[in-house]
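data-v5.cif (mmCIF, C-alpha atoms)
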```cif
data_structure
#
loop_
_atom_site.group_PDB
_atom_site.id
_atom_site.type_symbol
_atom_site.label_atom_id
_atom_site.label_comp_id
_atom_site.auth_asym_id
_atom_site.auth_seq_id
_atom_site.Cartn_x
_atom_site.Cartn_y
_atom_site.Cartn_z
ATOM 1 C CA MET A 122 107.677 19.324 6.172
ATOM 2 C CA ALA A 123 110.989 21.039 6.713
ATOM 3 C CA ASN A 124 112.886 20.427 9.926
ATOM 4 C CA GLU A 125 113.420 23.712 11.774
ATOM 5 C CA ASP A 126 116.933 22.819 12.867
ATOM 6 C CA GLU A 127 117.889 22.019 9.297
ATOM 7 C CA VAL A 128 116.410 25.308 8.136
ATOM 8 C CA PHE A 129 118.321 27.155 10.865
ATOM 9 C CA GLU A 130 121.566 25.521 9.795
ATOM 10 C CA LYS A 131 121.031 26.431 6.152
ATOM 11 C CA VAL A 132 120.105 29.994 7.123
ATOM 12 C CA GLN A 133 123.360 30.141 9.089
ATOM 13 C CA ASP A 134 125.256 29.010 5.981
ATOM 14 C CA VAL A 135 123.593 31.711 3.903
ATOM 15 C CA LEU A 136 124.449 34.389 6.469
ATOM 16 C CA VAL A 137 128.061 33.213 6.740
ATOM 17 C CA GLU A 138 128.387 33.557 2.981
ATOM 18 C CA ALA A 139 126.480 36.840 2.676
ATOM 19 C CA LEU A 140 127.825 38.667 5.725
ATOM 20 C CA GLY A 141 131.251 37.118 6.209
ATOM 21 C CA VAL A 142 130.583 36.330 9.858
ATOM 22 C CA ASP A 143 131.514 33.211 11.799
ATOM 23 C CA LYS A 144 128.844 30.565 12.071
ATOM 24 C CA ASP A 145 129.014 30.557 15.864
ATOM 25 C CA GLU A 146 128.036 34.255 15.931
ATOM 26 C CA ILE A 147 124.749 33.388 14.313
ATOM 27 C CA ASN A 148 122.398 32.393 17.093
ATOM 28 C CA ARG A 149 118.655 32.642 16.774
ATOM 29 C CA ASP A 150 118.442 35.940 18.668
ATOM 30 C CA ALA A 151 121.136 37.678 16.644
ATOM 31 C CA ARG A 152 119.913 40.710 14.701
ATOM 32 C CA LEU A 153 121.116 40.986 11.133
ATOM 33 C CA VAL A 154 121.929 44.708 11.194
ATOM 34 C CA ASN A 155 122.868 45.471 14.766
ATOM 35 C CA ASP A 156 124.617 42.226 15.649
ATOM 36 C CA LEU A 157 125.833 40.772 12.352
ATOM 37 C CA GLY A 158 126.632 44.013 10.527
ATOM 38 C CA ALA A 159 124.269 43.647 7.593
ATOM 39 C CA GLU A 160 123.838 46.674 5.335
ATOM 40 C CA SER A 161 120.874 47.418 3.104
ATOM 41 C CA ILE A 162 122.411 45.797 0.035
ATOM 42 C CA ASP A 163 123.107 42.633 2.018
ATOM 43 C CA PHE A 164 119.372 41.976 2.202
ATOM 44 C CA LEU A 165 119.215 41.651 -1.562
ATOM 45 C CA ASP A 166 122.098 39.181 -1.442
ATOM 46 C CA ILE A 167 120.545 37.272 1.488
ATOM 47 C CA ILE A 168 117.197 36.979 -0.271
ATOM 48 C CA PHE A 169 118.823 35.702 -3.463
ATOM 49 C CA GLN A 170 120.864 33.180 -1.484
ATOM 50 C CA LEU A 171 117.850 32.014 0.542
ATOM 51 C CA GLU A 172 115.980 31.461 -2.714
ATOM 52 C CA LYS A 173 118.803 29.325 -4.020
ATOM 53 C CA ALA A 174 119.375 27.407 -0.780
ATOM 54 C CA PHE A 175 115.716 26.498 -0.294
ATOM 55 C CA SER A 176 114.499 26.528 -3.916
ATOM 56 C CA ILE A 177 111.863 29.127 -3.073
ATOM 57 C CA LYS A 178 110.849 32.465 -4.510
ATOM 58 C CA ILE A 179 110.896 35.515 -2.259
ATOM 59 C CA GLU A 180 109.537 38.938 -3.080
ATOM 60 C CA GLN A 181 111.449 41.787 -1.436
ATOM 61 C CA LYS A 182 108.237 43.301 -0.148
ATOM 62 C CA GLU A 183 107.127 39.982 1.287
ATOM 63 C CA PHE A 184 110.406 39.606 3.161
ATOM 64 C CA SER A 185 110.227 43.166 4.500
ATOM 65 C CA GLN A 186 106.626 42.816 5.604
ATOM 66 C CA ASN A 187 107.175 39.518 7.385
ATOM 67 C CA ALA A 188 110.710 38.997 8.671
ATOM 68 C CA GLN A 189 111.524 42.687 9.177
ATOM 69 C CA SER A 190 108.231 43.626 10.787
ATOM 70 C CA GLU A 191 109.146 41.465 13.747
ATOM 71 C CA GLY A 192 112.084 43.668 14.564
ATOM 72 C CA GLY A 193 110.085 46.366 16.296
ATOM 73 C CA GLU A 194 111.115 49.998 16.189
ATOM 74 C CA ASP A 195 114.415 49.605 14.399
ATOM 75 C CA SER A 196 112.992 47.220 11.775
ATOM 76 C CA ASP A 197 115.939 44.934 12.291
ATOM 77 C CA VAL A 198 115.593 41.222 11.570
ATOM 78 C CA THR A 199 116.473 38.421 13.909
ATOM 79 C CA VAL A 200 117.826 35.133 12.644
ATOM 80 C CA GLU A 201 114.821 33.504 14.267
ATOM 81 C CA ALA A 202 112.498 35.659 12.153
ATOM 82 C CA VAL A 203 114.349 34.632 9.008
ATOM 83 C CA VAL A 204 114.041 30.967 9.982
ATOM 84 C CA ARG A 205 110.310 31.353 10.617
ATOM 85 C CA PHE A 206 109.875 33.189 7.336
ATOM 86 C CA VAL A 207 111.662 30.420 5.444
ATOM 87 C CA MET A 208 109.660 27.769 7.321
ATOM 88 C CA SER A 209 106.443 29.446 6.139
ATOM 89 C CA LYS A 210 107.705 29.320 2.549
ATOM 90 C CA VAL A 211 108.869 25.727 2.526
ATOM 91 C CA ALA A 212 105.972 24.277 4.543
ATOM 92 C CA MET B 283 138.840 59.379 -18.020
ATOM 93 C CA ARG B 284 138.190 56.074 -19.736
ATOM 94 C CA TRP B 285 136.990 53.614 -17.181
ATOM 95 C CA ILE B 286 136.395 50.613 -19.326
ATOM 96 C CA TRP B 287 138.104 47.355 -18.443
ATOM 97 C CA ILE B 288 136.863 45.054 -21.153
ATOM 98 C CA ASP B 289 137.847 45.287 -24.810
ATOM 99 C CA ARG B 290 135.326 43.151 -26.604
ATOM 100 C CA ILE B 291 132.095 41.293 -25.986
ATOM 101 C CA VAL B 292 132.177 37.900 -27.653
ATOM 102 C CA ALA B 293 128.960 36.321 -26.431
ATOM 103 C CA LEU B 294 125.716 37.619 -24.998
ATOM 104 C CA GLU B 295 122.817 35.315 -24.279
ATOM 105 C CA ALA B 296 119.829 37.185 -22.926
ATOM 106 C CA GLY B 297 119.280 36.625 -19.225
ATOM 107 C CA ARG B 298 121.880 33.872 -19.137
ATOM 108 C CA ARG B 299 125.524 34.706 -19.829
ATOM 109 C CA CYS B 300 127.921 37.283 -21.194
ATOM 110 C CA VAL B 301 131.513 36.690 -22.227
ATOM 111 C CA ALA B 302 134.070 39.465 -22.665
ATOM 112 C CA ILE B 303 137.749 39.701 -23.495
ATOM 113 C CA LYS B 304 140.392 41.974 -22.031
ATOM 114 C CA ASN B 305 143.910 42.327 -23.426
ATOM 115 C CA ILE B 306 146.447 43.176 -20.745
ATOM 116 C CA SER B 307 148.918 45.736 -22.030
ATOM 117 C CA LEU B 308 152.015 47.443 -20.708
ATOM 118 C CA ALA B 309 150.591 50.621 -22.249
ATOM 119 C CA GLU B 310 148.296 50.794 -19.209
ATOM 120 C CA ASP B 311 149.872 53.032 -16.618
ATOM 121 C CA VAL B 312 148.497 51.139 -13.679
ATOM 122 C CA LEU B 313 150.700 48.139 -14.395
ATOM 123 C CA HIS B 314 153.798 50.253 -13.876
ATOM 124 C CA ASP B 315 152.809 51.126 -10.344
ATOM 125 C CA HIS B 316 151.723 47.622 -9.475
ATOM 126 C CA PHE B 317 154.411 46.634 -8.736
ATOM 127 C CA ALA B 318 157.129 49.169 -9.429
ATOM 128 C CA ALA B 319 160.782 48.322 -8.910
ATOM 129 C CA ASP B 320 162.314 49.275 -5.591
ATOM 130 C CA GLU B 321 165.587 48.678 -3.795
ATOM 131 C CA SER B 322 164.771 45.050 -3.247
ATOM 132 C CA ARG B 323 163.273 43.898 -6.544
ATOM 133 C CA VAL B 324 162.805 44.545 -10.240
ATOM 134 C CA ALA B 325 159.432 45.740 -11.516
ATOM 135 C CA VAL B 326 156.665 43.119 -11.547
ATOM 136 C CA PRO B 327 153.854 44.538 -13.689
ATOM 137 C CA VAL B 328 150.562 42.880 -12.850
ATOM 138 C CA MET B 329 146.992 44.022 -13.463
ATOM 139 C CA PRO B 330 145.574 44.544 -9.963
ATOM 140 C CA ASN B 331 142.922 42.019 -9.007
ATOM 141 C CA THR B 332 140.629 44.891 -8.052
ATOM 142 C CA LEU B 333 140.588 45.858 -11.724
ATOM 143 C CA VAL B 334 140.065 42.252 -12.740
ATOM 144 C CA ILE B 335 136.973 42.377 -10.537
ATOM 145 C CA GLU B 336 135.965 45.632 -12.234
ATOM 146 C CA GLY B 337 136.242 43.871 -15.603
ATOM 147 C CA MET B 338 133.957 41.141 -14.352
ATOM 148 C CA ALA B 339 131.583 43.774 -12.958
ATOM 149 C CA GLN B 340 131.401 45.446 -16.367
ATOM 150 C CA THR B 341 130.821 42.117 -18.127
ATOM 151 C CA ALA B 342 128.178 41.031 -15.633
ATOM 152 C CA GLY B 343 126.706 44.541 -15.479
ATOM 153 C CA ILE B 344 126.041 44.483 -19.215
ATOM 154 C CA LEU B 345 124.376 41.097 -18.801
ATOM 155 C CA VAL B 346 122.172 42.448 -16.007
ATOM 156 C CA GLY B 347 121.395 45.668 -17.886
ATOM 157 C CA HIS B 348 120.550 43.753 -21.031
ATOM 158 C CA ALA B 349 118.086 41.579 -19.107
ATOM 159 C CA ARG B 350 115.955 44.696 -18.510
ATOM 160 C CA ALA B 351 116.630 46.323 -21.906
ATOM 161 C CA PHE B 352 119.026 48.826 -20.263
ATOM 162 C CA ARG B 353 116.149 50.642 -18.579
ATOM 163 C CA GLU B 354 117.702 50.204 -15.127
ATOM 164 C CA LYS B 355 120.812 51.854 -13.749
ATOM 165 C CA VAL B 356 122.827 48.810 -12.759
ATOM 166 C CA ILE B 357 125.353 49.484 -10.019
ATOM 167 C CA LEU B 358 127.804 47.059 -8.483
ATOM 168 C CA ALA B 359 126.624 46.849 -4.904
ATOM 169 C CA LYS B 360 128.603 44.014 -3.409
ATOM 170 C CA ILE B 361 131.473 41.682 -4.128
ATOM 171 C CA GLY B 362 130.261 38.509 -2.465
ATOM 172 C CA ARG B 363 133.359 36.484 -3.171
ATOM 173 C CA ALA B 364 136.466 36.916 -5.275
ATOM 174 C CA THR B 365 139.186 34.304 -5.386
ATOM 175 C CA PHE B 366 142.243 34.276 -7.593
ATOM 176 C CA VAL B 367 144.791 31.570 -8.230
ATOM 177 C CA SER B 368 147.129 33.357 -10.635
ATOM 178 C CA ALA B 369 148.211 36.824 -11.725
ATOM 179 C CA ALA B 370 147.149 38.848 -14.789
ATOM 180 C CA ARG B 371 150.439 39.596 -16.549
ATOM 181 C CA PRO B 372 150.918 41.855 -19.595
ATOM 182 C CA GLY B 373 150.736 40.078 -22.943
ATOM 183 C CA TYR B 374 148.039 37.743 -21.713
ATOM 184 C CA VAL B 375 144.317 37.889 -22.333
ATOM 185 C CA LEU B 376 141.552 37.714 -19.761
ATOM 186 C CA ARG B 377 138.313 36.003 -20.607
ATOM 187 C CA TYR B 378 135.407 36.960 -18.389
ATOM 188 C CA GLU B 379 132.376 34.702 -18.350
ATOM 189 C CA ALA B 380 129.466 35.981 -16.263
ATOM 190 C CA GLU B 381 126.296 34.047 -15.549
ATOM 191 C CA LEU B 382 123.082 35.581 -14.281
ATOM 192 C CA ASN B 383 121.734 33.741 -11.255
ATOM 193 C CA ARG B 384 118.802 35.960 -10.393
ATOM 194 C CA VAL B 385 117.338 39.273 -11.407
ATOM 195 C CA ASP B 386 114.325 41.119 -10.038
ATOM 196 C CA ASP B 387 113.092 44.696 -9.741
ATOM 197 C CA HIS B 388 115.655 45.517 -7.059
ATOM 198 C CA GLY B 389 118.806 44.000 -8.475
ATOM 199 C CA ALA B 390 120.617 40.896 -9.584
ATOM 200 C CA SER B 391 123.246 38.383 -8.599
ATOM 201 C CA THR B 392 125.883 36.906 -10.864
ATOM 202 C CA THR B 393 128.701 34.422 -10.690
ATOM 203 C CA GLY B 394 131.620 34.413 -13.029
ATOM 204 C CA THR B 395 134.910 32.849 -13.959
ATOM 205 C CA VAL B 396 138.056 34.552 -15.147
ATOM 206 C CA THR B 397 140.307 32.606 -17.482
ATOM 207 C CA LEU B 398 143.849 33.549 -18.423
ATOM 208 C CA ILE B 399 144.715 32.939 -22.064
ATOM 209 C CA ASP B 400 148.306 32.826 -23.341
ATOM 210 C CA PRO B 401 148.126 34.097 -26.950
ATOM 211 C CA ALA B 402 151.601 32.697 -27.634
ATOM 212 C CA SER B 403 150.579 29.109 -27.022
ATOM 213 C CA GLY B 404 146.804 29.304 -26.997
ATOM 214 C CA GLU B 405 146.805 27.634 -23.600
ATOM 215 C CA THR B 406 144.181 28.635 -21.081
ATOM 216 C CA ALA B 407 144.204 28.435 -17.311
ATOM 217 C CA PRO B 408 141.614 29.301 -14.668
ATOM 218 C CA MET B 409 142.487 32.564 -12.981
ATOM 219 C CA GLY B 410 139.641 33.219 -10.578
ATOM 220 C CA GLU B 411 135.992 33.297 -9.639
ATOM 221 C CA VAL B 412 133.919 36.346 -8.771
ATOM 222 C CA SER B 413 130.388 36.539 -7.323
ATOM 223 C CA LEU B 414 128.640 39.896 -7.475
ATOM 224 C CA THR B 415 125.417 41.569 -6.403
ATOM 225 C CA PHE B 416 124.038 44.473 -8.409
ATOM 226 C CA SER B 417 121.485 47.049 -7.425
ATOM 227 C CA HIS B 418 118.969 48.711 -9.706
ATOM 228 C CA VAL B 419 119.682 52.018 -8.020
ATOM 229 C CA ASP B 420 116.346 53.652 -8.701
ATOM 230 C CA GLN B 421 114.780 50.849 -6.641
ATOM 231 C CA ASN B 422 117.245 51.134 -3.740
ATOM 232 C CA ARG B 423 115.972 50.311 -0.273
ATOM 233 C CA ALA B 424 117.391 53.506 1.166
ATOM 234 C CA GLY B 425 115.093 55.538 -1.083
ATOM 235 C CA LEU B 426 117.920 57.674 -2.476
ATOM 236 C CA ALA B 427 117.253 59.598 -5.665
ATOM 237 C CA PHE B 428 119.617 59.428 -8.644
ATOM 238 C CA PRO B 429 119.830 61.434 -11.885
ATOM 239 C CA GLU B 430 117.183 60.520 -14.442
ATOM 240 C CA HIS B 431 119.524 59.759 -17.339
ATOM 241 C CA ASN B 432 121.196 56.371 -17.410
ATOM 242 C CA PHE B 433 124.724 57.310 -16.373
ATOM 243 C CA VAL B 434 125.770 53.652 -16.183
ATOM 244 C CA PHE B 435 125.336 52.437 -19.733
ATOM 245 C CA THR B 436 127.308 55.106 -21.509
ATOM 246 C CA GLU B 437 128.102 55.361 -25.178
ATOM 247 C CA GLN B 438 131.321 53.414 -24.526
ATOM 248 C CA PHE B 439 129.390 50.365 -23.364
ATOM 249 C CA MET B 440 126.864 50.646 -26.157
ATOM 250 C CA ASN B 441 129.723 50.835 -28.651
ATOM 251 C CA LEU B 442 131.152 47.636 -27.192
ATOM 252 C CA LEU B 443 127.839 45.917 -27.784
ATOM 253 C CA ARG B 444 127.626 47.272 -31.319
ATOM 254 C CA ASP B 445 131.207 46.298 -32.137
ATOM 255 C CA GLY B 446 130.557 42.797 -30.800
ATOM 256 C CA GLY B 447 127.641 42.427 -33.166
ATOM 257 C CA PHE B 448 124.997 42.914 -30.514
ATOM 258 C CA ALA B 449 123.769 46.319 -31.678
ATOM 259 C CA GLN B 450 120.187 45.274 -32.092
ATOM 260 C CA LYS B 451 120.156 44.214 -28.463
ATOM 261 C CA ALA B 452 121.462 47.535 -27.199
ATOM 262 C CA GLN B 453 118.315 49.543 -27.874
#
```
Output the structure of this file as structure tokens.
Amino acid sequence: MANEDEVFEKVQDVLVEALGVDKDEINRDARLVNDLGAESIDFLDIIFQLEKAFSIKIEQKEFSQNAQSEGGEDSDVTVEAVVRFVMSKVA
Amino acid sequence: MRWIWIDRIVALEAGRRCVAIKNISLAEDVLHDHFAADESRVAVPVMPNTLVIEGMAQTAGILVGHARAFREKVILAKIGRATFVSAARPGYVLRYEAELNRVDDHGASTTGTVTLIDPASGETAPMGEVSLTFSHVDQNRAGLAFPEHNFVFTEQFMNLLRDGGFAQKAQ
């Protein structure tokens, strides 16, 4: 069973690499687009990097339907949603 | 306009790696502007690192395109990381080695190394590393439409494959 704090830390590392933001900007409530400046192509990069970091396979559609659906009207993704999504894949 | 920044493909392993060579020549105009002489210094002709990245993008792009039999329009979408430790001077040769990390319906990611070869001595030295993300543009998340013909893999690129002995793979 993966430890949620460890998953969060690895997700932070992925987002630092993919988005070029400082690690301390990446709190659980931060939204990838509105707060961290992610663009559409960054999601492809993030998914590929999450796959590598956690040795999992992620379908784009699966990511959109799960992590992004939690964002409400603007379909943005919170870091927390990404962590939960990864937790569901590594459990 | 000829926008091709590799001269020869020397290795192509399906879905795994592609290696290309680029000869750096003073016949290329861009070297004379980068950096031209001014009041304070003599000219220092160097191939801009942006074009070194373009060479890697073309090498890796062929690798990505080949993985899907050139059916997709493969566009460089993001330079994840590019680090350089030396300069690409005229008379030297660049060796691009791109490796495919991941490819799916939407795009691909690659990592690659650039090596500087001195043809005078045969010595080689690491020049840089470049990580790229490519989009299969017809599958873009924004839903934008692009022309039907494959404007990415032009005759120039297919000729490179043929001249490298990879013609049968460029169908």
Contact set, chain B to chain A: 9 Å, only C-alpha atoms, as a VMD selection string | chain B and resid 359 to 360 362 to 363 383 to 391 414 to 417 422 to 424
Polymer residues at most 12 Å from (126.6, 48.3, -31.0) by all atoms listed in the file, as a ChimeraX atom specification | /B:290-291,436-453
Any chance you could work out the residue set of the PyMOL selection byres ((chain B and resi 292) around 6) here, as a JSON list (two decimals) with C-alpha atoms, in the coordinates of the input?
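Once written, result-v9.json looks like this:
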```
[["chain", "number", "residue", "atom", "x", "y", "z"],
["B", 291, "ILE", "CA", 132.10, 41.29, -25.99],
["B", 293, "ALA", "CA", 128.96, 36.32, -26.43],
["B", 301, "VAL", "CA", 131.51, 36.69, -22.23],
["B", 302, "ALA", "CA", 134.07, 39.47, -22.66]]
```
Take atom CA of A:Asp197 and atom CA of A:Phe129 and report the distance between them in Å, one decimal.
->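 Computing it gives 18.0 Å between the two atoms.
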On this structure, which residues satisfy the PyMOL selection byres ((chain B and resi 376) around 8), written as number ranges by chain?
-> B: 303-306, 370, 374-375, 377-378, 396-399
Using the selection just defined, write its residues with C-alpha atoms as a CSV table (one decimal), in the coordinates of the input.
```csv
chain,number,residue,atom,x,y,z
B,303,ILE,CA,137.7,39.7,-23.5
B,304,LYS,CA,140.4,42.0,-22.0
B,305,ASN,CA,143.9,42.3,-23.4
B,306,ILE,CA,146.4,43.2,-20.7
B,370,ALA,CA,147.1,38.8,-14.8
B,374,TYR,CA,148.0,37.7,-21.7
B,375,VAL,CA,144.3,37.9,-22.3
B,377,ARG,CA,138.3,36.0,-20.6
B,378,TYR,CA,135.4,37.0,-18.4
B,396,VAL,CA,138.1,34.6,-15.1
B,397,THR,CA,140.3,32.6,-17.5
B,398,LEU,CA,143.8,33.5,-18.4
B,399,ILE,CA,144.7,32.9,-22.1
```
Take the PyMOL selection byres ((chain A and resi 204) around 10), run it mentally on this structure, and tell me the resulting residues as an mmCIF file with C-alpha atoms, keeping the file's coordinate frame.
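That gives us selection_18.cif:
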```
data_model
loop_
_atom_site.group_PDB
_atom_site.id
_atom_site.type_symbol
_atom_site.label_atom_id
_atom_site.label_comp_id
_atom_site.auth_asym_id
_atom_site.auth_seq_id
_atom_site.Cartn_x
_atom_site.Cartn_y
_atom_site.Cartn_z
ATOM 1 C CA GLU A 125 113.420 23.712 11.774
ATOM 2 C CA ASP A 126 116.933 22.819 12.867
ATOM 3 C CA GLU A 127 117.889 22.019 9.297
ATOM 4 C CA VAL A 128 116.410 25.308 8.136
ATOM 5 C CA PHE A 129 118.321 27.155 10.865
ATOM 6 C CA GLU A 130 121.566 25.521 9.795
ATOM 7 C CA LYS A 131 121.031 26.431 6.152
ATOM 8 C CA VAL A 132 120.105 29.994 7.123
ATOM 9 C CA GLN A 133 123.360 30.141 9.089
ATOM 10 C CA ARG A 149 118.655 32.642 16.774
ATOM 11 C CA ALA A 188 110.710 38.997 8.671
ATOM 12 C CA THR A 199 116.473 38.421 13.909
ATOM 13 C CA VAL A 200 117.826 35.133 12.644
ATOM 14 C CA GLU A 201 114.821 33.504 14.267
ATOM 15 C CA ALA A 202 112.498 35.659 12.153
ATOM 16 C CA VAL A 203 114.349 34.632 9.008
ATOM 17 C CA ARG A 205 110.310 31.353 10.617
ATOM 18 C CA PHE A 206 109.875 33.189 7.336
ATOM 19 C CA VAL A 207 111.662 30.420 5.444
ATOM 20 C CA MET A 208 109.660 27.769 7.321
ATOM 21 C CA SER A 209 106.443 29.446 6.139
ATOM 22 C CA LYS A 210 107.705 29.320 2.549
#
```
Enter the distance from atom CA of B:Ile335 to atom CA of B:Trp287, in Å, rounded to one decimal.
->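 Going from atom CA of B:Ile335 over to atom CA of B:Trp287, I get 9.4 Å.
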Could you pull out every residue with an atom within 12 Å of (118.7, 56.1, -6.5), file coordinates, counting all atoms listed in the file, and send them as a PyMOL selection string?
-> chain B and resi 354-357+388+417-433
Quick one: pull the distance between atom CA of B:Ala339 and atom CA of A:Phe175, Å, one decimal.
->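 So the two atoms, atom CA of B:Ala339 and atom CA of A:Phe175, lie 26.7 Å apart.
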